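Peer 1: Dropping in structure_8.pdb, which is PDB, C-alpha atoms:
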ATOM      1  CA  TYR A   1       0.000   0.000   0.000
ATOM      2  CA  ARG A   2       0.916   3.607  -0.412
ATOM      3  CA  LEU A   3       0.853   4.985   3.118
ATOM      4  CA  TYR A   4      -0.219   8.412   4.324
ATOM      5  CA  GLU A   5       0.360  10.215   7.590
ATOM      6  CA  ILE A   6      -1.544  12.656   9.777
ATOM      7  CA  THR A   7       0.482  14.328  12.522
ATOM      8  CA  THR A   8      -1.196  15.517  15.727
ATOM      9  CA  LYS A   9       0.347  16.947  18.870
ATOM     10  CA  TYR A  10       1.286  13.503  20.200
ATOM     11  CA  PHE A  11       0.772  11.030  17.348
ATOM     12  CA  ALA A  12       1.796  10.094  13.846
ATOM     13  CA  ILE A  13      -1.283   8.330  12.430
ATOM     14  CA  ILE A  14      -0.205   6.123   9.501
ATOM     15  CA  PHE A  15      -2.760   4.611   7.154
ATOM     16  CA  PRO A  16      -3.489   3.375   3.611
ATOM     17  CA  GLU A  17      -6.025   5.129   1.418
ATOM     18  CA  ALA A  18      -8.790   2.684   2.398
ATOM     19  CA  SER A  19      -8.560   3.885   6.012
ATOM     20  CA  THR A  20      -8.577   7.612   5.279
ATOM     21  CA  LYS A  21     -11.918   8.345   6.959
ATOM     22  CA  SER A  22     -10.980   6.398  10.079
ATOM     23  CA  ALA A  23      -7.605   8.135  10.299
ATOM     24  CA  HIS A  24      -9.165  11.586  10.104
ATOM     25  CA  TYR A  25     -11.762  10.560  12.681
ATOM     26  CA  LEU A  26      -9.043   9.248  15.014
ATOM     27  CA  ALA A  27      -7.131  12.515  14.675
ATOM     28  CA  THR A  28     -10.113  14.445  16.084
ATOM     29  CA  PHE A  29      -9.897  12.833  19.520
ATOM     30  CA  ALA A  30      -6.489  11.090  19.850
ATOM     31  CA  ASP A  31      -4.711  13.906  21.718
ATOM     32  CA  SER A  32      -7.547  14.520  24.178
ATOM     33  CA  VAL A  33      -7.776  10.795  24.968
ATOM     34  CA  TYR A  34      -4.025  10.732  25.686
ATOM     35  CA  GLU A  35      -4.391  13.667  28.091
ATOM     36  CA  GLU A  36      -7.396  12.030  29.784
ATOM     37  CA  ILE A  37      -5.684   8.667  30.377
ATOM     38  CA  ALA A  38      -2.465  10.349  31.526
ATOM     39  CA  GLU A  39      -4.424  12.391  34.088
ATOM     40  CA  LYS A  40      -6.109   9.267  35.445
ATOM     41  CA  LEU A  41      -2.697   7.672  36.039
ATOM     42  CA  GLY A  42      -1.167  10.794  37.558
ATOM     43  CA  THR A  43       1.193  11.704  34.751
ATOM     44  CA  SER A  44       1.260  13.997  31.709
ATOM     45  CA  PRO A  45       1.635  13.277  27.977
ATOM     46  CA  ASP A  46       5.279  13.079  27.030
ATOM     47  CA  LEU A  47       6.371  10.279  24.736
ATOM     48  CA  LYS A  48       5.027  10.334  21.192
ATOM     49  CA  ILE A  49       3.954   7.171  19.410
ATOM     50  CA  PRO A  50       2.988   6.097  15.884
ATOM     51  CA  VAL A  51      -0.471   4.616  15.341
ATOM     52  CA  LEU A  52      -1.001   2.358  12.333
ATOM     53  CA  ILE A  53      -4.520   1.726  11.028
ATOM     54  CA  THR A  54      -4.894  -1.316   8.788
ATOM     55  CA  PRO A  55      -8.021  -2.639   7.014
ATOM     56  CA  ASP A  56      -6.448  -6.080   6.527
ATOM     57  CA  SER A  57      -8.544  -7.847   9.163
ATOM     58  CA  GLU A  58     -12.250  -8.607   9.441
ATOM     59  CA  SER A  59     -12.075  -8.913  13.223
ATOM     60  CA  ILE A  60     -11.946  -5.707  15.246
ATOM     61  CA  ASN A  61      -8.853  -5.737  17.446
ATOM     62  CA  GLY A  62      -5.461  -4.165  17.866
ATOM     63  CA  TYR A  63      -2.352  -4.163  20.005
ATOM     64  CA  PHE A  64       0.309  -2.082  21.673
ATOM     65  CA  SER A  65       3.910  -3.226  21.321
ATOM     66  CA  ASN A  66       7.268  -1.976  22.586
ATOM     67  CA  ASN A  67       9.486  -4.006  20.224
ATOM     68  CA  PRO A  68      11.389  -2.807  18.321
ATOM     69  CA  ILE A  69       9.698   0.593  18.832
ATOM     70  CA  LEU A  70       6.670   1.808  20.740
ATOM     71  CA  LYS A  71       3.638   1.559  18.474
ATOM     72  CA  ILE A  72      -0.106   0.985  18.391
ATOM     73  CA  VAL A  73      -1.781  -1.011  15.612
ATOM     74  CA  LEU A  74      -5.547  -0.834  15.074
ATOM     75  CA  TYR A  75      -7.514  -3.281  12.899
ATOM     76  CA  GLU A  76     -10.244  -1.363  11.108
ATOM     77  CA  THR A  77     -13.458  -3.149  10.235
ATOM     78  CA  SER A  78     -17.088  -2.080  10.189
ATOM     79  CA  ILE A  79     -18.483  -5.481  11.207
ATOM     80  CA  SER A  80     -16.525  -7.909  13.295
ATOM     81  CA  ASN A  81     -16.761 -11.415  14.685
ATOM     82  CA  ASN A  82     -14.897 -10.430  17.858
ATOM     83  CA  ILE A  83     -17.846 -10.902  20.203
ATOM     84  CA  SER A  84     -15.662 -10.680  23.341
ATOM     85  CA  LEU A  85     -15.479  -6.877  23.042
ATOM     86  CA  SER A  86     -18.211  -4.619  24.460
ATOM     87  CA  PHE A  87     -17.504  -1.417  22.565
ATOM     88  CA  ASN A  88     -20.156   1.194  21.829
ATOM     89  CA  ASN A  89     -17.753   3.052  19.482
ATOM     90  CA  GLN A  90     -15.363   0.544  18.016
ATOM     91  CA  LEU A  91     -12.458   2.692  16.806
ATOM     92  CA  TYR A  92     -12.631   5.081  19.774
ATOM     93  CA  LYS A  93     -12.762   2.331  22.402
ATOM     94  CA  LEU A  94     -10.154   0.194  20.674
ATOM     95  CA  PHE A  95      -7.759   3.152  20.613
ATOM     96  CA  TYR A  96      -8.640   3.997  24.232
ATOM     97  CA  HIS A  97      -7.801   0.430  25.287
ATOM     98  CA  GLU A  98      -4.473   0.237  23.470
ATOM     99  CA  LEU A  99      -3.444   3.767  24.463
ATOM    100  CA  THR A 100      -4.067   2.830  28.102
ATOM    101  CA  HIS A 101      -1.525   0.037  27.610
ATOM    102  CA  PHE A 102       0.942   2.582  26.242
ATOM    103  CA  VAL A 103       0.503   5.052  29.106
ATOM    104  CA  SER A 104       0.391   2.478  31.924
ATOM    105  CA  LEU A 105       3.360   0.457  30.668
ATOM    106  CA  THR A 106       5.691   3.202  29.471
ATOM    107  CA  ALA A 107       4.777   6.688  30.670
ATOM    108  CA  LEU A 108       4.961   6.578  34.469
ATOM    109  CA  ASN A 109       8.678   6.285  35.212
ATOM    110  CA  PRO A 110      11.196   9.053  34.309
ATOM    111  CA  LEU A 111      14.174   6.653  34.404
ATOM    112  CA  MET A 112      12.513   4.221  31.992
ATOM    113  CA  LYS A 113      11.620   7.052  29.596
ATOM    114  CA  THR A 114      15.259   8.139  29.593
ATOM    115  CA  LEU A 115      16.435   4.573  28.926
ATOM    116  CA  TYR A 116      13.866   4.323  26.110
ATOM    117  CA  ARG A 117      15.241   7.437  24.417
ATOM    118  CA  LEU A 118      18.756   5.972  24.648
ATOM    119  CA  PHE A 119      18.160   2.308  23.813
ATOM    120  CA  GLY A 120      14.690   1.894  22.281
ATOM    121  CA  GLY A 121      11.406   0.279  23.208
ATOM    122  CA  TRP A 122      12.835  -3.112  24.195
ATOM    123  CA  VAL A 123      13.865  -1.695  27.627
ATOM    124  CA  TYR A 124      10.216  -1.827  28.691
ATOM    125  CA  THR A 125      10.356  -5.618  28.531
ATOM    126  CA  PHE A 126      12.025  -5.519  31.951
ATOM    127  CA  THR A 127       9.067  -3.765  33.547
ATOM    128  CA  GLN A 128       6.348  -5.705  31.747
ATOM    129  CA  ILE A 129       7.520  -9.147  32.871
ATOM    130  CA  GLN A 130       7.044  -8.054  36.508
ATOM    131  CA  ILE A 131       3.392  -7.024  36.180
ATOM    132  CA  PRO A 132       0.623  -9.609  36.762
ATOM    133  CA  TYR A 133      -1.289  -9.985  33.521
ATOM    134  CA  ASN A 134      -4.645  -9.457  35.223
ATOM    135  CA  PHE A 135      -3.381  -5.942  36.047
ATOM    136  CA  VAL A 136      -1.928  -5.415  32.550
ATOM    137  CA  GLU A 137      -5.378  -5.989  31.045
ATOM    138  CA  GLY A 138      -7.259  -4.903  34.154
ATOM    139  CA  VAL A 139      -6.271  -1.264  33.796
ATOM    140  CA  THR A 140      -7.300  -1.173  30.131
ATOM    141  CA  VAL A 141     -10.631  -2.974  30.582
ATOM    142  CA  SER A 142     -11.547  -0.821  33.591
ATOM    143  CA  PHE A 143     -10.631   2.447  31.848
ATOM    144  CA  GLU A 144     -12.517   1.498  28.673
ATOM    145  CA  SER A 145     -15.590   1.041  30.910
ATOM    146  CA  HIS A 146     -15.548   4.389  32.728
ATOM    147  CA  ASP A 147     -18.268   5.808  30.477
ATOM    148  CA  GLY A 148     -20.644   2.922  31.162
ATOM    149  CA  TRP A 149     -19.680   0.832  28.119
ATOM    150  CA  GLY A 150     -16.982  -1.851  28.200
ATOM    151  CA  ARG A 151     -16.219  -5.299  29.505
ATOM    152  CA  ALA A 152     -16.019  -4.269  33.169
ATOM    153  CA  VAL A 153     -19.700  -3.240  33.061
ATOM    154  CA  ASP A 154     -20.904  -5.779  30.492
ATOM    155  CA  PRO A 155     -23.407  -8.319  31.924
ATOM    156  CA  LEU A 156     -21.447 -11.351  30.649
ATOM    157  CA  PRO A 157     -18.136 -10.947  32.579
ATOM    158  CA  GLY A 158     -19.884  -9.898  35.780
ATOM    159  CA  GLY A 159     -22.434 -12.694  35.378
ATOM    160  CA  GLN A 160     -19.701 -15.271  34.836
ATOM    161  CA  ILE A 161     -17.840 -14.189  37.983
ATOM    162  CA  ARG A 162     -21.062 -14.359  40.022
ATOM    163  CA  GLN A 163     -21.785 -17.792  38.575
ATOM    164  CA  ASP A 164     -18.281 -18.883  39.602
ATOM    165  CA  ILE A 165     -19.026 -17.698  43.142
ATOM    166  CA  ILE A 166     -22.359 -19.572  43.246
ATOM    167  CA  GLU A 167     -20.660 -22.755  42.018
ATOM    168  CA  ASP A 168     -17.766 -22.327  44.480
ATOM    169  CA  ASN A 169     -15.409 -21.877  41.525
ATOM    170  CA  PHE A 170     -14.287 -18.270  42.086
ATOM    171  CA  LYS A 171     -10.833 -17.950  40.542
ATOM    172  CA  THR A 172      -7.840 -17.216  42.735
ATOM    173  CA  PHE A 173      -5.688 -14.198  41.942
ATOM    174  CA  VAL A 174      -3.057 -16.490  40.390
ATOM    175  CA  GLN A 175      -5.639 -18.344  38.301
ATOM    176  CA  SER A 176      -6.923 -15.030  36.957
ATOM    177  CA  MET A 177      -3.359 -14.128  35.886
ATOM    178  CA  GLY A 178      -3.617 -16.748  33.149
ATOM    179  CA  ALA A 179      -3.134 -19.990  35.089
ATOM    180  CA  TRP A 180      -6.735 -21.040  34.304
ATOM    181  CA  ASP A 181      -7.118 -22.676  30.880
ATOM    182  CA  LYS A 182     -10.760 -23.805  31.003
ATOM    183  CA  TYR A 183     -13.695 -21.515  30.213
ATOM    184  CA  PRO A 184     -13.475 -18.528  29.977
ATOM    185  CA  GLY A 185      -9.841 -19.183  29.036
ATOM    186  CA  ARG A 186      -7.742 -16.098  28.365
ATOM    187  CA  ASN A 187     -10.799 -13.928  29.005
ATOM    188  CA  ALA A 188     -10.257 -14.604  32.728
ATOM    189  CA  PHE A 189      -7.560 -11.970  33.080
ATOM    190  CA  TYR A 190      -9.669  -9.467  31.122
ATOM    191  CA  TRP A 191     -12.855 -10.188  33.084
ATOM    192  CA  TYR A 192     -11.505 -10.752  36.587
ATOM    193  CA  GLY A 193      -8.695  -8.228  36.076
ATOM    194  CA  GLY A 194     -10.992  -5.571  34.634
ATOM    195  CA  LEU A 195     -13.642  -5.854  37.331
ATOM    196  CA  PHE A 196     -11.049  -6.059  40.133
ATOM    197  CA  SER A 197      -9.312  -2.915  38.868
ATOM    198  CA  LEU A 198     -12.646  -1.103  38.578
ATOM    199  CA  TYR A 199     -13.482  -2.266  42.122
ATOM    200  CA  LEU A 200     -10.205  -0.822  43.461
ATOM    201  CA  GLN A 201     -10.825   2.463  41.662
ATOM    202  CA  LYS A 202     -14.379   2.769  43.004
ATOM    203  CA  GLN A 203     -13.553   1.732  46.569
ATOM    204  CA  TYR A 204     -10.218   3.518  47.046
ATOM    205  CA  GLY A 205      -9.973   6.101  44.274
ATOM    206  CA  LEU A 206      -7.820   6.596  41.200
ATOM    207  CA  GLU A 207      -4.960   8.205  43.142
ATOM    208  CA  LYS A 208      -4.081   4.996  44.989
ATOM    209  CA  TYR A 209      -4.549   2.990  41.793
ATOM    210  CA  ALA A 210      -2.130   5.317  39.973
ATOM    211  CA  GLU A 211       0.358   4.866  42.835
ATOM    212  CA  LEU A 212       0.162   1.100  42.336
ATOM    213  CA  TRP A 213       0.976   1.561  38.654
ATOM    214  CA  ARG A 214       3.973   3.746  39.481
ATOM    215  CA  TYR A 215       5.255   0.775  41.470
ATOM    216  CA  PHE A 216       4.687  -1.483  38.473
ATOM    217  CA  SER A 217       6.667   0.915  36.259
ATOM    218  CA  ASN A 218       9.973   0.488  38.105
ATOM    219  CA  LEU A 219      12.884  -1.130  36.299
ATOM    220  CA  ILE A 220      13.302  -3.694  39.094
ATOM    221  CA  ASN A 221      10.987  -4.135  42.081
ATOM    222  CA  ILE A 222      12.646  -5.539  45.195
ATOM    223  CA  LYS A 223       9.583  -5.049  47.414
ATOM    224  CA  PRO A 224       7.019  -7.794  46.711
ATOM    225  CA  LEU A 225       3.525  -6.904  45.549
ATOM    226  CA  ASP A 226       1.736  -8.917  48.245
ATOM    227  CA  ASP A 227       2.721  -9.577  51.851
ATOM    228  CA  LEU A 228       5.424 -12.213  52.248
ATOM    229  CA  GLY A 229       5.516 -13.510  55.800
ATOM    230  CA  ILE A 230       6.357 -10.571  58.059
ATOM    231  CA  ILE A 231       7.365  -8.469  55.046
ATOM    232  CA  LYS A 232       4.679  -6.014  54.025
ATOM    233  CA  GLY A 233       4.093  -5.849  50.286
ATOM    234  CA  LYS A 234       3.562  -2.756  48.177
ATOM    235  CA  PHE A 235      -0.163  -3.438  47.919
ATOM    236  CA  SER A 236      -0.503  -3.275  51.726
ATOM    237  CA  GLU A 237       1.576  -0.106  51.789
ATOM    238  CA  ILE A 238      -0.818   1.591  49.371
ATOM    239  CA  TYR A 239      -4.197   0.144  50.357
ATOM    240  CA  GLY A 240      -3.711  -0.784  54.014
ATOM    241  CA  ILE A 241      -4.703  -4.420  53.394
ATOM    242  CA  SER A 242      -2.975  -7.319  51.686
ATOM    243  CA  LEU A 243      -3.687  -8.209  48.080
ATOM    244  CA  GLU A 244      -5.105 -11.524  49.295
ATOM    245  CA  THR A 245      -7.567  -9.721  51.564
ATOM    246  CA  ALA A 246      -8.513  -7.276  48.808
ATOM    247  CA  TRP A 247      -9.215 -10.220  46.491
ATOM    248  CA  GLU A 248     -11.530 -11.765  49.107
ATOM    249  CA  ASN A 249     -13.258  -8.403  49.559
ATOM    250  CA  PHE A 250     -13.678  -8.233  45.772
ATOM    251  CA  LYS A 251     -15.329 -11.656  45.855
ATOM    252  CA  ASP A 252     -17.753 -10.442  48.527
ATOM    253  CA  TYR A 253     -18.413  -7.278  46.508
ATOM    254  CA  MET A 254     -19.276  -9.353  43.421
ATOM    255  CA  SER A 255     -21.462 -11.842  45.292
ATOM    256  CA  ILE A 256     -25.221 -11.793  44.783
ATOM    257  CA  LYS A 257     -26.754 -10.627  48.047
ATOM    258  CA  THR A 258     -30.216 -12.198  47.635
ATOM    259  CA  PRO A 259     -31.045 -15.939  47.735
ATOM    260  CA  ILE A 260     -31.000 -17.777  44.414
ATOM    261  CA  TYR A 261     -33.090 -20.829  43.647
ATOM    262  CA  MET A 262     -32.157 -22.630  40.465
ATOM    263  CA  TYR A 263     -34.197 -25.343  38.793
ATOM    264  CA  VAL A 264     -32.151 -26.843  36.002
ATOM    265  CA  ASN A 265     -34.205 -28.194  33.135
ATOM    266  CA  LYS A 266     -31.903 -29.466  30.395
ATOM    267  CA  LEU A 267     -33.208 -28.476  26.966
ATOM    268  CA  SER A 268     -30.497 -30.010  24.798
ATOM    269  CA  GLN A 269     -27.120 -31.668  24.816
ATOM    270  CA  LYS A 270     -24.077 -29.478  25.343
ATOM    271  CA  ALA A 271     -23.163 -27.400  22.315
ATOM    272  CA  ASN A 272     -21.143 -24.360  21.350
ATOM    273  CA  TYR A 273     -23.567 -21.454  21.105
ATOM    274  CA  SER A 274     -21.711 -18.291  20.114
ATOM    275  CA  THR A 275     -24.733 -15.946  20.072
ATOM    276  CA  MET A 276     -27.851 -15.812  22.249
ATOM    277  CA  GLU A 277     -30.874 -13.541  22.675
ATOM    278  CA  SER A 278     -34.351 -13.818  24.185
ATOM    279  CA  ASP A 279     -37.732 -12.233  23.523
ATOM    280  CA  GLY A 280     -38.826 -12.992  27.082
ATOM    281  CA  GLU A 281     -40.375 -16.307  26.142
ATOM    282  CA  LYS A 282     -37.997 -18.118  23.815
ATOM    283  CA  LEU A 283     -34.241 -18.276  23.325
ATOM    284  CA  PHE A 284     -32.577 -17.688  19.954
ATOM    285  CA  LEU A 285     -29.193 -19.423  19.657
ATOM    286  CA  TYR A 286     -26.544 -19.721  16.961
ATOM    287  CA  ASP A 287     -24.459 -22.888  16.719
ATOM    288  CA  PRO A 288     -21.405 -22.079  14.537
ATOM    289  CA  ASN A 289     -20.384 -25.735  14.276
ATOM    290  CA  LYS A 290     -23.713 -26.689  12.703
ATOM    291  CA  ALA A 291     -24.203 -23.244  11.088
ATOM    292  CA  GLU A 292     -27.759 -23.077  12.313
ATOM    293  CA  VAL A 293     -29.987 -20.678  14.206
ATOM    294  CA  ILE A 294     -31.985 -22.487  16.888
ATOM    295  CA  ILE A 295     -35.163 -21.609  18.796
ATOM    296  CA  ALA A 296     -35.460 -23.022  22.324
ATOM    297  CA  ASP A 297     -38.728 -22.828  24.260
ATOM    298  CA  PRO A 298     -37.969 -23.548  27.964
ATOM    299  CA  LYS A 299     -41.658 -23.859  28.924
ATOM    300  CA  LYS A 300     -42.455 -26.430  26.255
ATOM    301  CA  ARG A 301     -38.978 -28.008  26.550
ATOM    302  CA  ASN A 302     -38.748 -27.730  22.799
ATOM    303  CA  VAL A 303     -35.617 -27.085  20.711
ATOM    304  CA  LYS A 304     -35.796 -26.822  16.946
ATOM    305  CA  ASN A 305     -33.853 -25.540  13.988
ATOM    306  CA  PHE A 306     -35.061 -22.106  12.851
ATOM    307  CA  PHE A 307     -32.870 -21.730   9.755
ATOM    308  CA  ASN A 308     -29.305 -22.317   8.615
ATOM    309  CA  HIS A 309     -26.834 -19.490   8.151
ATOM    310  CA  SER A 310     -23.332 -20.355   6.978
ATOM    311  CA  GLN A 311     -21.752 -16.960   7.750
ATOM    312  CA  PRO A 312     -20.654 -16.108  11.318
ATOM    313  CA  VAL A 313     -23.440 -14.512  13.340
ATOM    314  CA  GLU A 314     -22.153 -11.874  15.750
ATOM    315  CA  ARG A 315     -25.365 -10.879  17.537
ATOM    316  CA  PHE A 316     -29.158 -11.149  17.538
ATOM    317  CA  SER A 317     -31.805  -8.555  18.300
ATOM    318  CA  VAL A 318     -35.429  -9.605  18.787
ATOM    319  CA  HIS A 319     -38.343  -7.189  18.347
ATOM    320  CA  LYS A 320     -40.467  -7.696  21.469
ATOM    321  CA  GLY A 321     -43.672  -6.748  19.662
ATOM    322  CA  THR A 322     -43.449  -8.610  16.352
ATOM    323  CA  GLY A 323     -40.952 -11.332  17.229
ATOM    324  CA  ASN A 324     -38.893 -10.431  14.160
ATOM    325  CA  LEU A 325     -35.247 -11.433  14.434
ATOM    326  CA  LEU A 326     -32.431  -9.135  13.281
ATOM    327  CA  LEU A 327     -29.006 -10.690  13.007
ATOM    328  CA  SER A 328     -25.598  -9.128  12.410
ATOM    329  CA  THR A 329     -23.273 -11.082  10.177
ATOM    330  CA  TYR A 330     -20.568 -10.534   7.607
ATOM    331  CA  THR A 331     -18.873 -12.237   4.701
ATOM    332  CA  GLY A 332     -15.246 -12.055   3.549
TER     333      GLY A 332
END
Can the structure from this file be put into structure tokens for me?

Peer 2:
Amino acid sequence: YRLYEITTKYFAIIFPEASTKSAHYLATFADSVYEEIAEKLGTSPDLKIPVLITPDSESINGYFSNNPILKIVLYETSISNNISLSFNNQLYKLFYHELTHFVSLTALNPLMKTLYRLFGGWVYTFTQIQIPYNFVEGVTVSFESHDGWGRAVDPLPGGQIRQDIIEDNFKTFVQSMGAWDKYPGRNAFYWYGGLFSLYLQKQYGLEKYAELWRYFSNLINIKPLDDLGIIKGKFSEIYGISLETAWENFKDYMSIKTPIYMYVNKLSQKANYSTMESDGEKLFLYDPNKAEVIIADPKKRNVKNFFNHSQPVERFSVHKGTGNLLLSTYTG
């Protein structure tokens, strides 16, 4: 591709012609988002970073990387099969998420910024390997959710954590770092990490949370994060309680406070349903392995094929009055 560039106060936005509209849109808010995230973490915009927009993916996503240089890459697509994201404005929230990585991982320590200017982005590898991954993604998921949209306020992650508590399967802090490989898999450190970070911010304020991230930004941390025997960890120093205690308090915070009575009435054999919606009476499900849309009626204990649809279905919407079904899909 022939590449073009838009320069803002803090960014070089690089893009092919196909992404021109998105690049110009990004340029309208990129600098203000940087200033907003920096303020939340108790710092100010300093380092500049290139942002590459590419249309070469049909799944909305992106990443921040420090090797060999600091950079953000955004996948541009109008319709996506990435159903794990809860974005109300895809490009804005995607950029917000990845820019939070950039600020939290690189912009909080003056020594590390000096080393970066001398030796390049690889120096941040030393800091990143010390940070629990549920905090690496926790800060981004919590910040993306501050406006009421995002995974930390989406019903699915919160519902899954509450279900884990009901089933006595609440993940330990270590399991939520990535040591849990069953469902929800790698989403555990996004879901548990995001909601735990949002919990800390709500209960104790952003100032203490920013102080925790300044600790994470050190080149080498001799003081442990959690208490170790008689040695007080950094978490206790900041919050007045151990990380283990805070995790238990988070579990109590997430617990459902009213009694729950569950009557399980199996409608079908286990299957992989990637999309689900209800009109209040029936369930509409999509099974990607069989490429079929299914209607399940819990009252009549009836499950039947509605129609087949070979393209990935991202979401359903059911009109409560007419029962008409709207589905979002795409084709390559």

Peer 1: Can you pull out the residues contacting Phe64 (chain A)? Cut-off 8 Å, using all atoms listed in the file, and skip same-chain residues under 3 positions away; I want them as a list in words.

Peer 2: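 These residues fall inside the cut-off: Leu70, Lys71, Ile72, Val73, Glu98, Leu99, His101 and Phe102 of chain A.
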
Peer 1: Counting only C-alpha atoms, note down every residue that has an atom within 12 Å of the point (3.7, 5.0, 16.5) (file coordinates), as a tab-separated table (two decimals) with C-alpha atoms, in the coordinates of the input.

Peer 2:
chain	number	residue	atom	x	y	z
A	5	GLU	CA	0.36	10.22	7.59
A	6	ILE	CA	-1.54	12.66	9.78
A	7	THR	CA	0.48	14.33	12.52
A	8	THR	CA	-1.20	15.52	15.73
A	10	TYR	CA	1.29	13.50	20.20
A	11	PHE	CA	0.77	11.03	17.35
A	12	ALA	CA	1.80	10.09	13.85
A	13	ILE	CA	-1.28	8.33	12.43
A	14	ILE	CA	-0.20	6.12	9.50
A	15	PHE	CA	-2.76	4.61	7.15
A	47	LEU	CA	6.37	10.28	24.74
A	48	LYS	CA	5.03	10.33	21.19
A	49	ILE	CA	3.95	7.17	19.41
A	50	PRO	CA	2.99	6.10	15.88
A	51	VAL	CA	-0.47	4.62	15.34
A	52	LEU	CA	-1.00	2.36	12.33
A	53	ILE	CA	-4.52	1.73	11.03
A	63	TYR	CA	-2.35	-4.16	20.00
A	64	PHE	CA	0.31	-2.08	21.67
A	65	SER	CA	3.91	-3.23	21.32
A	66	ASN	CA	7.27	-1.98	22.59
A	67	ASN	CA	9.49	-4.01	20.22
A	68	PRO	CA	11.39	-2.81	18.32
A	69	ILE	CA	9.70	0.59	18.83
A	70	LEU	CA	6.67	1.81	20.74
A	71	LYS	CA	3.64	1.56	18.47
A	72	ILE	CA	-0.11	0.98	18.39
A	73	VAL	CA	-1.78	-1.01	15.61
A	74	LEU	CA	-5.55	-0.83	15.07
A	98	GLU	CA	-4.47	0.24	23.47
A	99	LEU	CA	-3.44	3.77	24.46
A	102	PHE	CA	0.94	2.58	26.24
A	121	GLY	CA	11.41	0.28	23.21

Peer 1: Any chance you could tabulate, as JSON lines, the residues of region 44-136 of chain A at most 9 Å from region 173-192 of chain A with each one's nearest atom pair and distance in Å to one decimal, using only C-alpha atoms, in chain and rising number order?

Peer 2:
{"residue": "A:Ser84", "atom": "CA", "partner": "A:Asn187", "partner_atom": "CA", "distance": 8.1}
{"residue": "A:Pro132", "atom": "CA", "partner": "A:Met177", "partner_atom": "CA", "distance": 6.1}
{"residue": "A:Tyr133", "atom": "CA", "partner": "A:Met177", "partner_atom": "CA", "distance": 5.2}
{"residue": "A:Asn134", "atom": "CA", "partner": "A:Phe189", "partner_atom": "CA", "distance": 4.4}
{"residue": "A:Phe135", "atom": "CA", "partner": "A:Phe189", "partner_atom": "CA", "distance": 7.9}
{"residue": "A:Val136", "atom": "CA", "partner": "A:Phe189", "partner_atom": "CA", "distance": 8.7}

Peer 1: Taking every listed atom of region 309-325 of chain A and adding 8 Å to each side, what centre and edge lengths in Å (one decimal) does the axis-aligned box have, as AutoDock Vina command-line options?

Peer 2:
--center_x -32.2 --center_y -13.6 --center_z 14.2 --size_x 39.0 --size_y 29.6 --size_z 30.5

Peer 1: Using all atoms listed in the file, find the one residue out of A:Gly42, A:Tyr286, A:Lys232, A:Ile166 that sits nearest to Lys208 (chain A).

Peer 2: A:Gly42

Peer 1: Taking (-8.6, 9.5, 31.4) in the file's coordinates as the center, which residues reach within 12 Å of it, counting all atoms listed in the file, put as an MDAnalysis selection string?

Peer 2: chainID A and resid 30:45 96:97 99:100 103:104 139:140 142:147 206 210

Peer 1: Select, from A:Ala23, A:Val303, A:Leu198, A:Val313, the residue with the minimum atom-to-atom distance to Tyr253 (chain A), counting all atoms listed in the file.

Peer 2: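 Closest to Tyr253 (chain A), using all atoms listed in the file: A:Leu198.
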
Peer 1: Step by step, work through what the PyMOL selection byres ((chain A and resi 218) around 9) selects in the shown file, and finish by giving those residues as a list of chain:residue names.

Peer 2: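 The output of the PyMOL selection byres ((chain A and resi 218) around 9) on this file is A:Leu108, A:Asn109, A:Leu111, A:Met112, A:Phe126, A:Thr127, A:Arg214, A:Tyr215, A:Phe216, A:Ser217, A:Leu219, A:Ile220, A:Asn221.
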
Peer 1: Please indicate the distance in Å from CA of Glu314 (chain A) to CA of Lys299 (chain A), rounded to one decimal place.

Peer 2: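 Computing the Euclidean distance for CA of Glu314 (chain A) and CA of Lys299 (chain A) yields 26.4 Å.
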
Peer 1: On this structure, which residues satisfy the PyMOL selection byres ((chain A and resi 265-268) around 12), written as a PyMOL selection string?

Peer 2: chain A and resi 262-264+269-273+282-283+285+294-304

Peer 1: Go through A:Leu228, A:Ile241, A:Leu85, A:Ala27 one by one, measure the shortest atom-to-atom distance of each to Arg151 (chain A) using only C-alpha atoms, and give the residue with the smallest value.

Peer 2: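 Among A:Leu228, A:Ile241, A:Leu85, A:Ala27, it is A:Leu85 that comes nearest to Arg151 (chain A).
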
Peer 1: Rounded to one decimal, what separation in Å do you get between CA of Leu327 (chain A) and CA of Arg162 (chain A)?

Peer 2: 28.4 Å

Peer 1: For the structure provided, state which residues fall under the PyMOL selection byres ((chain A and resi 1) around 12), and present them as an MDAnalysis selection string.

Peer 2: chainID A and resid 2:4 14:19 54:56

Peer 1: Which is closest to His24 (chain A) among A:Leu325, A:Leu91, A:Ala246, A:Val141, if we use all atoms listed in the file?

Peer 2: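 The closest residue to His24 (chain A) is A:Leu91.
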
Peer 1: Please indicate the distance in Å from CA of Pro110 (chain A) to CA of Gly233 (chain A), rounded to one decimal place.

Peer 2: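 Those two atoms sit 23.0 Å apart.
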
Peer 1: Counting all atoms listed in the file, figure out which residue out of A:Asn289, A:Thr172, A:Ser274, A:Ser310 gets nearest to Leu243 (chain A).

Peer 2: A:Thr172

Peer 1: Looking at A:Leu94, A:Ala152, A:Ile238, A:Ile131, which one is nearest to Asn61 (chain A), with distances taken over all atoms listed in the file?

Peer 2: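 Smallest distance to Asn61 (chain A) is found for A:Leu94.
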